[in-house]
file input-v2.pdb (PDB, C-alpha atoms)
ATOM      1  CA  MET A   1       0.000   0.000   0.000  1.00  0.00           C
ATOM      2  CA  ILE A   2       1.382   3.454  -0.956  1.00  0.00           C
ATOM      3  CA  TYR A   3       0.451   6.590   0.978  1.00  0.00           C
ATOM      4  CA  HIS A   4       0.686  10.008  -0.728  1.00  0.00           C
ATOM      5  CA  ASP A   5       0.738  13.420   0.967  1.00  0.00           C
ATOM      6  CA  VAL A   6       0.579  12.171   4.554  1.00  0.00           C
ATOM      7  CA  THR A   7       2.608  13.459   7.467  1.00  0.00           C
ATOM      8  CA  THR A   8       4.838  11.277   9.592  1.00  0.00           C
ATOM      9  CA  GLU A   9       2.328  11.591  12.419  1.00  0.00           C
ATOM     10  CA  GLN A  10      -0.540  10.460  10.197  1.00  0.00           C
ATOM     11  CA  LEU A  11       1.457   7.548   8.825  1.00  0.00           C
ATOM     12  CA  THR A  12       2.393   6.469  12.361  1.00  0.00           C
ATOM     13  CA  ARG A  13      -1.276   6.552  13.364  1.00  0.00           C
ATOM     14  CA  ILE A  14      -2.214   4.415  10.347  1.00  0.00           C
ATOM     15  CA  ILE A  15       0.437   1.832  11.227  1.00  0.00           C
ATOM     16  CA  VAL A  16      -0.517   1.755  14.916  1.00  0.00           C
ATOM     17  CA  ASP A  17      -4.200   1.310  14.050  1.00  0.00           C
ATOM     18  CA  ALA A  18      -3.344  -1.535  11.675  1.00  0.00           C
ATOM     19  CA  VAL A  19      -1.273  -3.273  14.360  1.00  0.00           C
ATOM     20  CA  LYS A  20      -4.090  -2.889  16.908  1.00  0.00           C
ATOM     21  CA  GLN A  21      -6.561  -4.373  14.445  1.00  0.00           C
ATOM     22  CA  GLU A  22      -4.315  -7.371  13.900  1.00  0.00           C
ATOM     23  CA  LEU A  23      -3.806  -7.901  17.647  1.00  0.00           C
ATOM     24  CA  ASN A  24      -7.516  -7.644  18.343  1.00  0.00           C
ATOM     25  CA  ARG A  25      -8.432 -10.054  15.590  1.00  0.00           C
ATOM     26  CA  GLU A  26      -9.852 -13.153  17.281  1.00  0.00           C
ATOM     27  CA  PRO A  27      -8.162 -16.400  16.309  1.00  0.00           C
ATOM     28  CA  LEU A  28     -10.483 -18.953  14.752  1.00  0.00           C
ATOM     29  CA  VAL A  29     -10.411 -22.743  14.551  1.00  0.00           C
ATOM     30  CA  PRO A  30     -11.198 -24.748  11.384  1.00  0.00           C
ATOM     31  CA  THR A  31     -13.884 -27.428  11.660  1.00  0.00           C
ATOM     32  CA  GLY A  32     -13.245 -31.094  10.945  1.00  0.00           C
ATOM     33  CA  ILE A  33     -16.401 -33.208  10.654  1.00  0.00           C
ATOM     34  CA  SER A  34     -15.655 -36.843  11.367  1.00  0.00           C
ATOM     35  CA  VAL A  35     -17.840 -39.504   9.747  1.00  0.00           C
ATOM     36  CA  ARG A  36     -18.194 -42.959  11.320  1.00  0.00           C
ATOM     37  CA  HIS A  37     -14.942 -44.872  11.240  1.00  0.00           C
ATOM     38  CA  ILE A  38     -12.911 -47.714  12.736  1.00  0.00           C
ATOM     39  CA  HIS A  39      -9.498 -47.940  14.413  1.00  0.00           C
ATOM     40  CA  LEU A  40      -7.893 -51.391  14.475  1.00  0.00           C
ATOM     41  CA  GLU A  41      -5.238 -53.160  16.492  1.00  0.00           C
ATOM     42  CA  ARG A  42      -2.801 -55.527  14.784  1.00  0.00           C
ATOM     43  CA  LYS A  43      -4.411 -58.856  15.705  1.00  0.00           C
ATOM     44  CA  HIS A  44      -7.766 -57.682  14.354  1.00  0.00           C
ATOM     45  CA  ILE A  45      -6.174 -56.457  11.109  1.00  0.00           C
ATOM     46  CA  ASN A  46      -4.782 -59.982  10.706  1.00  0.00           C
ATOM     47  CA  GLN A  47      -8.181 -61.577  11.337  1.00  0.00           C
ATOM     48  CA  LEU A  48     -10.159 -59.235   9.085  1.00  0.00           C
ATOM     49  CA  PHE A  49      -7.754 -58.754   6.153  1.00  0.00           C
ATOM     50  CA  GLY A  50      -5.280 -61.618   6.407  1.00  0.00           C
ATOM     51  CA  TYR A  51      -2.110 -62.204   8.411  1.00  0.00           C
ATOM     52  CA  GLY A  52       0.501 -59.491   7.929  1.00  0.00           C
ATOM     53  CA  HIS A  53      -1.808 -57.194   5.968  1.00  0.00           C
ATOM     54  CA  GLN A  54      -0.654 -53.560   5.921  1.00  0.00           C
ATOM     55  CA  LEU A  55      -3.239 -50.793   5.874  1.00  0.00           C
ATOM     56  CA  GLN A  56      -3.161 -48.816   2.617  1.00  0.00           C
ATOM     57  CA  VAL A  57      -3.304 -45.023   2.626  1.00  0.00           C
ATOM     58  CA  LYS A  58      -6.257 -43.519   0.742  1.00  0.00           C
ATOM     59  CA  LYS A  59      -5.741 -39.916   1.880  1.00  0.00           C
ATOM     60  CA  MET A  60      -4.022 -38.041   4.680  1.00  0.00           C
ATOM     61  CA  LEU A  61      -6.164 -36.398   7.360  1.00  0.00           C
ATOM     62  CA  SER A  62      -5.860 -33.069   9.176  1.00  0.00           C
ATOM     63  CA  GLN A  63      -3.871 -34.484  12.101  1.00  0.00           C
ATOM     64  CA  PRO A  64      -0.208 -35.260  11.342  1.00  0.00           C
ATOM     65  CA  GLY A  65       0.399 -38.937  10.615  1.00  0.00           C
ATOM     66  CA  GLN A  66      -3.307 -39.845  10.535  1.00  0.00           C
ATOM     67  CA  TYR A  67      -4.907 -41.169   7.359  1.00  0.00           C
ATOM     68  CA  ALA A  68      -8.028 -42.710   5.874  1.00  0.00           C
ATOM     69  CA  CYS A  69      -7.351 -46.213   4.576  1.00  0.00           C
ATOM     70  CA  GLU A  70      -8.438 -47.934   1.412  1.00  0.00           C
ATOM     71  CA  GLU A  71      -9.851 -50.683   3.637  1.00  0.00           C
ATOM     72  CA  THR A  72     -13.479 -50.721   4.797  1.00  0.00           C
ATOM     73  CA  LEU A  73     -15.502 -53.074   7.001  1.00  0.00           C
ATOM     74  CA  ASP A  74     -19.129 -53.893   7.636  1.00  0.00           C
ATOM     75  CA  VAL A  75     -20.245 -53.032  11.180  1.00  0.00           C
ATOM     76  CA  ILE A  76     -23.022 -55.331  12.379  1.00  0.00           C
ATOM     77  CA  GLY A  77     -25.234 -54.559  15.354  1.00  0.00           C
ATOM     78  CA  PRO A  78     -28.304 -56.175  16.933  1.00  0.00           C
ATOM     79  CA  LYS A  79     -30.691 -54.230  14.701  1.00  0.00           C
ATOM     80  CA  GLY A  80     -28.797 -53.229  11.576  1.00  0.00           C
ATOM     81  CA  ILE A  81     -25.630 -53.100   9.476  1.00  0.00           C
ATOM     82  CA  LEU A  82     -23.439 -50.194   8.394  1.00  0.00           C
ATOM     83  CA  LYS A  83     -21.673 -51.302   5.222  1.00  0.00           C
ATOM     84  CA  GLY A  84     -18.329 -50.026   4.008  1.00  0.00           C
ATOM     85  CA  VAL A  85     -17.220 -48.164   7.143  1.00  0.00           C
ATOM     86  CA  ARG A  86     -13.789 -46.636   6.614  1.00  0.00           C
ATOM     87  CA  VAL A  87     -10.752 -47.824   8.593  1.00  0.00           C
ATOM     88  CA  LEU A  88      -8.385 -45.073   9.780  1.00  0.00           C
ATOM     89  CA  GLY A  89      -4.662 -45.531  10.286  1.00  0.00           C
ATOM     90  CA  PRO A  90      -2.179 -46.020  11.662  1.00  0.00           C
ATOM     91  CA  GLU A  91      -3.033 -49.116  13.681  1.00  0.00           C
ATOM     92  CA  ARG A  92      -3.905 -48.639  17.360  1.00  0.00           C
ATOM     93  CA  ASN A  93      -3.337 -50.473  20.639  1.00  0.00           C
ATOM     94  CA  GLN A  94      -7.102 -51.121  20.901  1.00  0.00           C
ATOM     95  CA  SER A  95      -9.760 -51.494  18.241  1.00  0.00           C
ATOM     96  CA  GLN A  96     -12.668 -49.080  18.458  1.00  0.00           C
ATOM     97  CA  VAL A  97     -15.624 -47.928  16.384  1.00  0.00           C
ATOM     98  CA  GLU A  98     -16.626 -44.253  16.412  1.00  0.00           C
ATOM     99  CA  VAL A  99     -20.186 -43.501  15.331  1.00  0.00           C
ATOM    100  CA  ALA A 100     -22.711 -40.690  15.526  1.00  0.00           C
ATOM    101  CA  LEU A 101     -25.811 -41.269  17.644  1.00  0.00           C
ATOM    102  CA  THR A 102     -27.868 -41.637  14.445  1.00  0.00           C
ATOM    103  CA  ASP A 103     -25.569 -44.500  13.380  1.00  0.00           C
ATOM    104  CA  ALA A 104     -25.812 -46.107  16.834  1.00  0.00           C
ATOM    105  CA  ARG A 105     -29.604 -46.164  16.657  1.00  0.00           C
ATOM    106  CA  ALA A 106     -29.462 -47.834  13.253  1.00  0.00           C
ATOM    107  CA  LEU A 107     -27.136 -50.485  14.686  1.00  0.00           C
ATOM    108  CA  GLY A 108     -29.194 -50.978  17.847  1.00  0.00           C
ATOM    109  CA  VAL A 109     -26.479 -50.060  20.354  1.00  0.00           C
ATOM    110  CA  THR A 110     -26.239 -47.315  22.978  1.00  0.00           C
ATOM    111  CA  PRO A 111     -22.655 -46.073  23.176  1.00  0.00           C
ATOM    112  CA  PRO A 112     -21.547 -43.389  25.638  1.00  0.00           C
ATOM    113  CA  VAL A 113     -19.912 -40.107  24.684  1.00  0.00           C
ATOM    114  CA  ARG A 114     -16.203 -40.715  25.279  1.00  0.00           C
ATOM    115  CA  ALA A 115     -12.750 -39.539  24.351  1.00  0.00           C
ATOM    116  CA  SER A 116     -10.968 -41.759  21.859  1.00  0.00           C
ATOM    117  CA  GLY A 117      -9.372 -44.714  23.663  1.00  0.00           C
ATOM    118  CA  ASP A 118     -11.635 -44.522  26.732  1.00  0.00           C
ATOM    119  CA  LEU A 119     -13.423 -47.809  26.107  1.00  0.00           C
ATOM    120  CA  THR A 120     -14.177 -49.295  29.536  1.00  0.00           C
ATOM    121  CA  GLY A 121     -17.843 -50.262  29.797  1.00  0.00           C
ATOM    122  CA  THR A 122     -18.664 -49.465  26.165  1.00  0.00           C
ATOM    123  CA  PRO A 123     -20.805 -51.808  24.035  1.00  0.00           C
ATOM    124  CA  GLY A 124     -19.323 -54.338  21.654  1.00  0.00           C
ATOM    125  CA  ILE A 125     -20.033 -54.892  17.966  1.00  0.00           C
ATOM    126  CA  LEU A 126     -19.316 -57.341  15.148  1.00  0.00           C
ATOM    127  CA  LEU A 127     -16.864 -56.368  12.392  1.00  0.00           C
ATOM    128  CA  ARG A 128     -16.861 -58.208   9.063  1.00  0.00           C
ATOM    129  CA  GLY A 129     -13.952 -58.038   6.639  1.00  0.00           C
ATOM    130  CA  PRO A 130     -12.895 -59.839   3.465  1.00  0.00           C
ATOM    131  CA  GLU A 131     -10.974 -62.519   5.393  1.00  0.00           C
ATOM    132  CA  GLY A 132     -13.029 -62.979   8.546  1.00  0.00           C
ATOM    133  CA  GLU A 133     -15.043 -61.504  11.397  1.00  0.00           C
ATOM    134  CA  VAL A 134     -14.155 -60.009  14.783  1.00  0.00           C
ATOM    135  CA  ALA A 135     -16.613 -59.724  17.664  1.00  0.00           C
ATOM    136  CA  LEU A 136     -15.474 -56.778  19.772  1.00  0.00           C
ATOM    137  CA  GLU A 137     -16.475 -57.171  23.417  1.00  0.00           C
ATOM    138  CA  GLN A 138     -16.296 -53.390  23.820  1.00  0.00           C
ATOM    139  CA  GLY A 139     -15.194 -50.397  21.781  1.00  0.00           C
ATOM    140  CA  VAL A 140     -18.182 -48.514  20.331  1.00  0.00           C
ATOM    141  CA  ILE A 141     -18.281 -44.817  21.282  1.00  0.00           C
ATOM    142  CA  VAL A 142     -19.768 -41.515  20.256  1.00  0.00           C
ATOM    143  CA  ALA A 143     -16.654 -39.328  20.161  1.00  0.00           C
ATOM    144  CA  ASP A 144     -16.702 -36.260  22.386  1.00  0.00           C
ATOM    145  CA  ARG A 145     -16.442 -32.786  20.857  1.00  0.00           C
ATOM    146  CA  HIS A 146     -12.857 -31.603  21.049  1.00  0.00           C
ATOM    147  CA  ILE A 147     -10.284 -29.198  19.676  1.00  0.00           C
ATOM    148  CA  HIS A 148      -6.782 -30.353  18.830  1.00  0.00           C
ATOM    149  CA  MET A 149      -4.144 -27.723  19.605  1.00  0.00           C
ATOM    150  CA  SER A 150      -0.383 -27.427  19.751  1.00  0.00           C
ATOM    151  CA  PRO A 151       1.090 -25.834  22.913  1.00  0.00           C
ATOM    152  CA  GLU A 152       1.593 -22.641  20.882  1.00  0.00           C
ATOM    153  CA  ASP A 153      -2.087 -22.639  19.854  1.00  0.00           C
ATOM    154  CA  ALA A 154      -3.160 -23.205  23.463  1.00  0.00           C
ATOM    155  CA  ALA A 155      -1.133 -20.182  24.587  1.00  0.00           C
ATOM    156  CA  ARG A 156      -2.671 -18.079  21.810  1.00  0.00           C
ATOM    157  CA  PHE A 157      -6.202 -19.111  22.803  1.00  0.00           C
ATOM    158  CA  HIS A 158      -5.438 -18.890  26.557  1.00  0.00           C
ATOM    159  CA  VAL A 159      -6.639 -22.442  27.267  1.00  0.00           C
ATOM    160  CA  LYS A 160      -5.169 -25.581  28.833  1.00  0.00           C
ATOM    161  CA  ASP A 161      -5.205 -29.296  28.074  1.00  0.00           C
ATOM    162  CA  LYS A 162      -8.503 -30.999  29.088  1.00  0.00           C
ATOM    163  CA  GLU A 163     -10.224 -27.637  29.636  1.00  0.00           C
ATOM    164  CA  LEU A 164     -13.881 -27.422  28.594  1.00  0.00           C
ATOM    165  CA  VAL A 165     -14.869 -24.503  26.376  1.00  0.00           C
ATOM    166  CA  GLN A 166     -17.795 -23.298  24.299  1.00  0.00           C
ATOM    167  CA  VAL A 167     -17.640 -22.710  20.570  1.00  0.00           C
ATOM    168  CA  GLU A 168     -19.569 -20.050  18.668  1.00  0.00           C
ATOM    169  CA  ILE A 169     -20.761 -21.062  15.207  1.00  0.00           C
ATOM    170  CA  GLY A 170     -21.880 -18.692  12.475  1.00  0.00           C
ATOM    171  CA  GLY A 171     -23.617 -19.337   9.181  1.00  0.00           C
ATOM    172  CA  GLU A 172     -27.215 -20.184   8.332  1.00  0.00           C
ATOM    173  CA  LYS A 173     -27.894 -21.940  11.664  1.00  0.00           C
ATOM    174  CA  PRO A 174     -25.689 -20.096  14.136  1.00  0.00           C
ATOM    175  CA  GLY A 175     -25.422 -21.077  17.765  1.00  0.00           C
ATOM    176  CA  ILE A 176     -23.239 -22.075  20.701  1.00  0.00           C
ATOM    177  CA  MET A 177     -21.867 -25.599  21.060  1.00  0.00           C
ATOM    178  CA  GLY A 178     -20.867 -26.501  24.606  1.00  0.00           C
ATOM    179  CA  HIS A 179     -18.788 -29.160  26.352  1.00  0.00           C
ATOM    180  CA  VAL A 180     -15.895 -28.967  23.875  1.00  0.00           C
ATOM    181  CA  ARG A 181     -12.703 -30.378  25.359  1.00  0.00           C
ATOM    182  CA  ILE A 182      -9.274 -28.933  24.594  1.00  0.00           C
ATOM    183  CA  ARG A 183      -6.567 -31.460  23.729  1.00  0.00           C
ATOM    184  CA  VAL A 184      -3.023 -30.140  23.649  1.00  0.00           C
ATOM    185  CA  SER A 185      -0.002 -31.910  22.175  1.00  0.00           C
ATOM    186  CA  SER A 186       3.018 -30.975  20.113  1.00  0.00           C
ATOM    187  CA  ASP A 187       1.797 -33.680  17.681  1.00  0.00           C
ATOM    188  CA  TYR A 188      -1.535 -31.921  17.005  1.00  0.00           C
ATOM    189  CA  ALA A 189      -2.646 -29.508  14.300  1.00  0.00           C
ATOM    190  CA  LEU A 190      -5.381 -26.968  15.075  1.00  0.00           C
ATOM    191  CA  ASP A 191      -8.777 -28.559  14.382  1.00  0.00           C
ATOM    192  CA  PHE A 192     -12.299 -28.585  15.894  1.00  0.00           C
ATOM    193  CA  HIS A 193     -13.524 -32.199  15.724  1.00  0.00           C
ATOM    194  CA  ILE A 194     -17.228 -33.066  15.770  1.00  0.00           C
ATOM    195  CA  ASP A 195     -19.360 -35.873  14.353  1.00  0.00           C
ATOM    196  CA  THR A 196     -21.892 -35.735  11.538  1.00  0.00           C
ATOM    197  CA  ASP A 197     -24.868 -35.247  13.872  1.00  0.00           C
ATOM    198  CA  ASP A 198     -23.336 -32.083  15.332  1.00  0.00           C
ATOM    199  CA  GLY A 199     -22.290 -30.908  11.886  1.00  0.00           C
ATOM    200  CA  ASN A 200     -25.789 -31.364  10.476  1.00  0.00           C
ATOM    201  CA  ALA A 201     -27.455 -29.681  13.467  1.00  0.00           C
ATOM    202  CA  PHE A 202     -25.513 -26.458  12.819  1.00  0.00           C
ATOM    203  CA  LEU A 203     -25.140 -26.830   9.017  1.00  0.00           C
ATOM    204  CA  LEU A 204     -21.380 -26.782   9.523  1.00  0.00           C
ATOM    205  CA  LYS A 205     -19.039 -27.431   6.604  1.00  0.00           C
ATOM    206  CA  GLN A 206     -15.589 -28.975   6.535  1.00  0.00           C
ATOM    207  CA  GLY A 207     -13.011 -26.300   7.247  1.00  0.00           C
ATOM    208  CA  GLN A 208     -15.553 -23.700   8.412  1.00  0.00           C
ATOM    209  CA  PRO A 209     -13.925 -21.423  11.016  1.00  0.00           C
ATOM    210  CA  VAL A 210     -15.457 -21.227  14.502  1.00  0.00           C
ATOM    211  CA  LYS A 211     -14.725 -19.058  17.533  1.00  0.00           C
ATOM    212  CA  VAL A 212     -13.631 -20.350  20.952  1.00  0.00           C
ATOM    213  CA  LEU A 213     -15.574 -18.654  23.759  1.00  0.00           C
ATOM    214  CA  THR A 214     -15.062 -18.473  27.507  1.00  0.00           C
ATOM    215  CA  ALA A 215     -14.145 -21.636  29.367  1.00  0.00           C
ATOM    216  CA  GLN A 216     -16.837 -23.784  30.968  1.00  0.00           C
ATOM    217  CA  GLU A 217     -16.797 -25.150  34.475  1.00  0.00           C
ATOM    218  CA  LYS A 218     -14.454 -28.151  34.665  1.00  0.00           C
ATOM    219  CA  GLU A 219     -15.872 -31.528  35.558  1.00  0.00           C
TER     220      GLU A 219
END
call {"tool": "encode", "arguments": {"input": "input-v2.pdb", "output": "C-alpha cells"}}
result
Amino acid sequence: MIYHDVTTEQLTRIIVDAVKQELNREPLVPTGISVRHIHLERKHINQLFGYGHQLQVKKMLSQPGQYACEETLDVIGPKGILKGVRVLGPERNQSQVEVALTDARALGVTPPVRASGDLTGTPGILLRGPEGEVALEQGVIVADRHIHMSPEDAARFHVKDKELVQVEIGGEKPGIMGHVRIRVSSDYALDFHIDTDDGNAFLLKQGQPVKVLTAQEKE
C-alpha cells in the first residue's frame, strides 16, 4: 500500500491502528467433521484382512500422521448393518468404532460419549472383513467434541489441556456448542472435531472457522 501526501504523524497513526486491528483479531479454529470410522489393532487387522496385511493409505487427514485407509468393514449390530465403514490408520493399541448417535440407533447399540481410547464399559459390535469376522467385546463410542491444539495454539487461545470450552458457530444456523474439550499436544494440528450429527445440526461445513468462547466449568 502506498500513501501520498501524509505526514509522519498520520502515517504512524495508520500503522498503529493496523497493528491494533491485527492484535484484536480473534483467532479462529477450522472445523473437521468426522464420519463414522474404525481404528484397528494388529491382531484384528490380521483376522479381518489376512495375516501381515498392511493398511493402505487412501488420503491423509488433518492431524499429522493420521490417514483414511483404502480398507473398509461392515459393522453389524443387533438391529442393523453399516456397510463399508472406513478404517483409519495407523493401527492402534485397541480397536474401536466411532459412530454418531444416528448410526448407533441404526445399529441398535447405545454407546456413551467418550474420548478416543476410553473404552471401559462401552458396548461391543461385530466387524466383518474380506478374510473374517471379529466380535469386539467393547469399543463402540460416540466421540466427544474436542479441539486439537499445539502448545503454541493453546497459549494463543489462553486455554489448557482438558479444559472445557464453548464454541460459537456462524452461518445459516448459528449457535453455541458446549462441552468442547481442549486437547493439547506438540503432535496436534489446530482442528475442531465433531461428528456428523453435530455438523448437520448447525449446518457446519468442513473447514468452516469457529470461535472459541469463555471456558466452561471443569468436571
call {"tool": "atom_distance", "arguments": {"input": "input-v2.pdb", "atom1": "atom CA of A:Gln47", "atom2": "atom CA of A:Leu126"}}
result
12.5 Å
call {"tool": "closest_atom_pairs", "arguments": {"input": "input-v2.pdb", "of": "stretch 100-179 of chain A", "to": "stretch 61-82 of chain A", "cutoff": "9 Å", "atoms": "all atoms listed in the file", "output": "JSON lines"}}
result
{"residue": "A:Asp103", "atom": "CA", "partner": "A:Leu82", "partner_atom": "CA", "distance": 7.9}
{"residue": "A:Ala104", "atom": "CA", "partner": "A:Gly77", "partner_atom": "CA", "distance": 8.6}
{"residue": "A:Arg105", "atom": "CA", "partner": "A:Lys79", "partner_atom": "CA", "distance": 8.4}
{"residue": "A:Ala106", "atom": "CA", "partner": "A:Gly80", "partner_atom": "CA", "distance": 5.7}
{"residue": "A:Leu107", "atom": "CA", "partner": "A:Gly80", "partner_atom": "CA", "distance": 4.5}
{"residue": "A:Gly108", "atom": "CA", "partner": "A:Lys79", "partner_atom": "CA", "distance": 4.8}
{"residue": "A:Val109", "atom": "CA", "partner": "A:Gly77", "partner_atom": "CA", "distance": 6.8}
{"residue": "A:Gly124", "atom": "CA", "partner": "A:Gly77", "partner_atom": "CA", "distance": 8.6}
{"residue": "A:Ile125", "atom": "CA", "partner": "A:Gly77", "partner_atom": "CA", "distance": 5.8}
{"residue": "A:Leu126", "atom": "CA", "partner": "A:Ile76", "partner_atom": "CA", "distance": 5.0}
{"residue": "A:Leu127", "atom": "CA", "partner": "A:Val75", "partner_atom": "CA", "distance": 4.9}
{"residue": "A:Arg128", "atom": "CA", "partner": "A:Asp74", "partner_atom": "CA", "distance": 5.1}
{"residue": "A:Gly129", "atom": "CA", "partner": "A:Leu73", "partner_atom": "CA", "distance": 5.2}
{"residue": "A:Pro130", "atom": "CA", "partner": "A:Leu73", "partner_atom": "CA", "distance": 8.1}
{"residue": "A:His148", "atom": "CA", "partner": "A:Gln63", "partner_atom": "CA", "distance": 8.4}
call {"tool": "closest_atom_pairs", "arguments": {"input": "input-v2.pdb", "of": "stretch 137-212 of chain A", "to": "stretch 27-37 of chain A", "cutoff": "6 Å", "atoms": "only C-alpha atoms", "output": "Markdown table"}}
result
| residue | atom | partner | partner_atom | distance |
| --- | --- | --- | --- | --- |
| A:Asp191 | CA | A:Pro30 | CA | 5.4 |
| A:Phe192 | CA | A:Thr31 | CA | 4.7 |
| A:His193 | CA | A:Gly32 | CA | 4.9 |
| A:Ile194 | CA | A:Ile33 | CA | 5.2 |
| A:Asp195 | CA | A:Ser34 | CA | 4.9 |
| A:Thr196 | CA | A:Val35 | CA | 5.8 |
| A:Gln206 | CA | A:Gly32 | CA | 5.4 |
| A:Gly207 | CA | A:Thr31 | CA | 4.6 |
| A:Gln208 | CA | A:Thr31 | CA | 5.2 |
| A:Pro209 | CA | A:Pro30 | CA | 4.3 |
| A:Val210 | CA | A:Val29 | CA | 5.3 |
| A:Lys211 | CA | A:Leu28 | CA | 5.1 |
call {"tool": "write_last_selection", "arguments": {"input": "input-v2.pdb", "atoms": "C-alpha atoms", "output": "compact mmCIF listing (two decimals), in the frame of the given file"}}
result
# COMPACT_ATOMS: atom_id res chain seq x y z
CA ASP A 191 -8.78 -28.56 14.38
CA PHE A 192 -12.30 -28.58 15.89
CA HIS A 193 -13.52 -32.20 15.72
CA ILE A 194 -17.23 -33.07 15.77
CA ASP A 195 -19.36 -35.87 14.35
CA THR A 196 -21.89 -35.74 11.54
CA GLN A 206 -15.59 -28.98 6.54
CA GLY A 207 -13.01 -26.30 7.25
CA GLN A 208 -15.55 -23.70 8.41
CA PRO A 209 -13.92 -21.42 11.02
CA VAL A 210 -15.46 -21.23 14.50
CA LYS A 211 -14.72 -19.06 17.53
call {"tool": "closest_residue", "arguments": {"input": "input-v2.pdb", "among": "A:Arg145, A:Arg42, A:Lys160, A:Lys59", "to": "A:Ser95", "atoms": "all atoms listed in the file"}}
result
A:Arg42
call {"tool": "closest_residue", "arguments": {"input": "input-v2.pdb", "among": "A:Glu41, A:Asp161, A:Asp197, A:Glu26", "to": "A:Ile147", "atoms": "all atoms listed in the file"}}
result
A:Asp161
call {"tool": "closest_residue", "arguments": {"input": "input-v2.pdb", "among": "A:Met177, A:Val87, A:Met149, A:Ala189", "to": "A:Val57", "atoms": "all atoms listed in the file"}}
result
A:Val87
call {"tool": "axis_aligned_box", "arguments": {"input": "input-v2.pdb", "around": "stretch 25-41 of chain A", "padding_each_side": "6 Å", "output": "lines of an AutoDock Vina configuration file"}}
result
center_x = -11.7
center_y = -31.6
center_z = 13.5
size_x = 25.0
size_y = 55.1
size_z = 19.5
call {"tool": "resolve_selection", "arguments": {"input": "input-v2.pdb", "expression": "the PyMOL selection byres ((chain A and resi 164) around 12)", "output": "JSON, numbers by chain"}}
result
{"A": [144, 145, 146, 147, 159, 160, 161, 162, 163, 165, 166, 167, 177, 178, 179, 180, 181, 182, 183, 212, 213, 214, 215, 216, 217, 218, 219]}
call {"tool": "atom_distance", "arguments": {"input": "input-v2.pdb", "atom1": "atom CA of A:Gln138", "atom2": "atom CA of A:Gln54"}}
result
23.8 Å
call {"tool": "atom_distance", "arguments": {"input": "input-v2.pdb", "atom1": "atom CA of A:Gln94", "atom2": "atom CA of A:Asn200"}}
result
29.1 Å
call {"tool": "residues_around", "arguments": {"input": "input-v2.pdb", "residues": "A:Thr110", "least_positions_apart": "6", "cutoff": "10 Å", "atoms": "all atoms listed in the file", "output": "list in words"}}
result
Leu101, Ala104, Thr122, Pro123, Gly124, Val140, Ile141 and Val142 of chain A
call {"tool": "closest_residue", "arguments": {"input": "input-v2.pdb", "among": "A:Glu152, A:Glu98, A:Glu131, A:Asp198", "to": "A:Ala115", "atoms": "all atoms listed in the file"}}
result
A:Glu98
call {"tool": "closest_residue", "arguments": {"input": "input-v2.pdb", "among": "A:Ile45, A:Thr120, A:Gly132, A:Glu168", "to": "A:Pro90", "atoms": "only C-alpha atoms"}}
result
A:Ile45
call {"tool": "closest_residue", "arguments": {"input": "input-v2.pdb", "among": "A:Arg86, A:Gln96, A:Gly50, A:Ala201", "to": "A:Ala135", "atoms": "only C-alpha atoms"}}
result
A:Gln96
call {"tool": "resolve_selection", "arguments": {"input": "input-v2.pdb", "expression": "the PyMOL selection byres ((chain A and resi 185) around 7)", "output": "VMD selection string"}}
result
chain A and resid 149 to 151 183 to 184 186 to 188
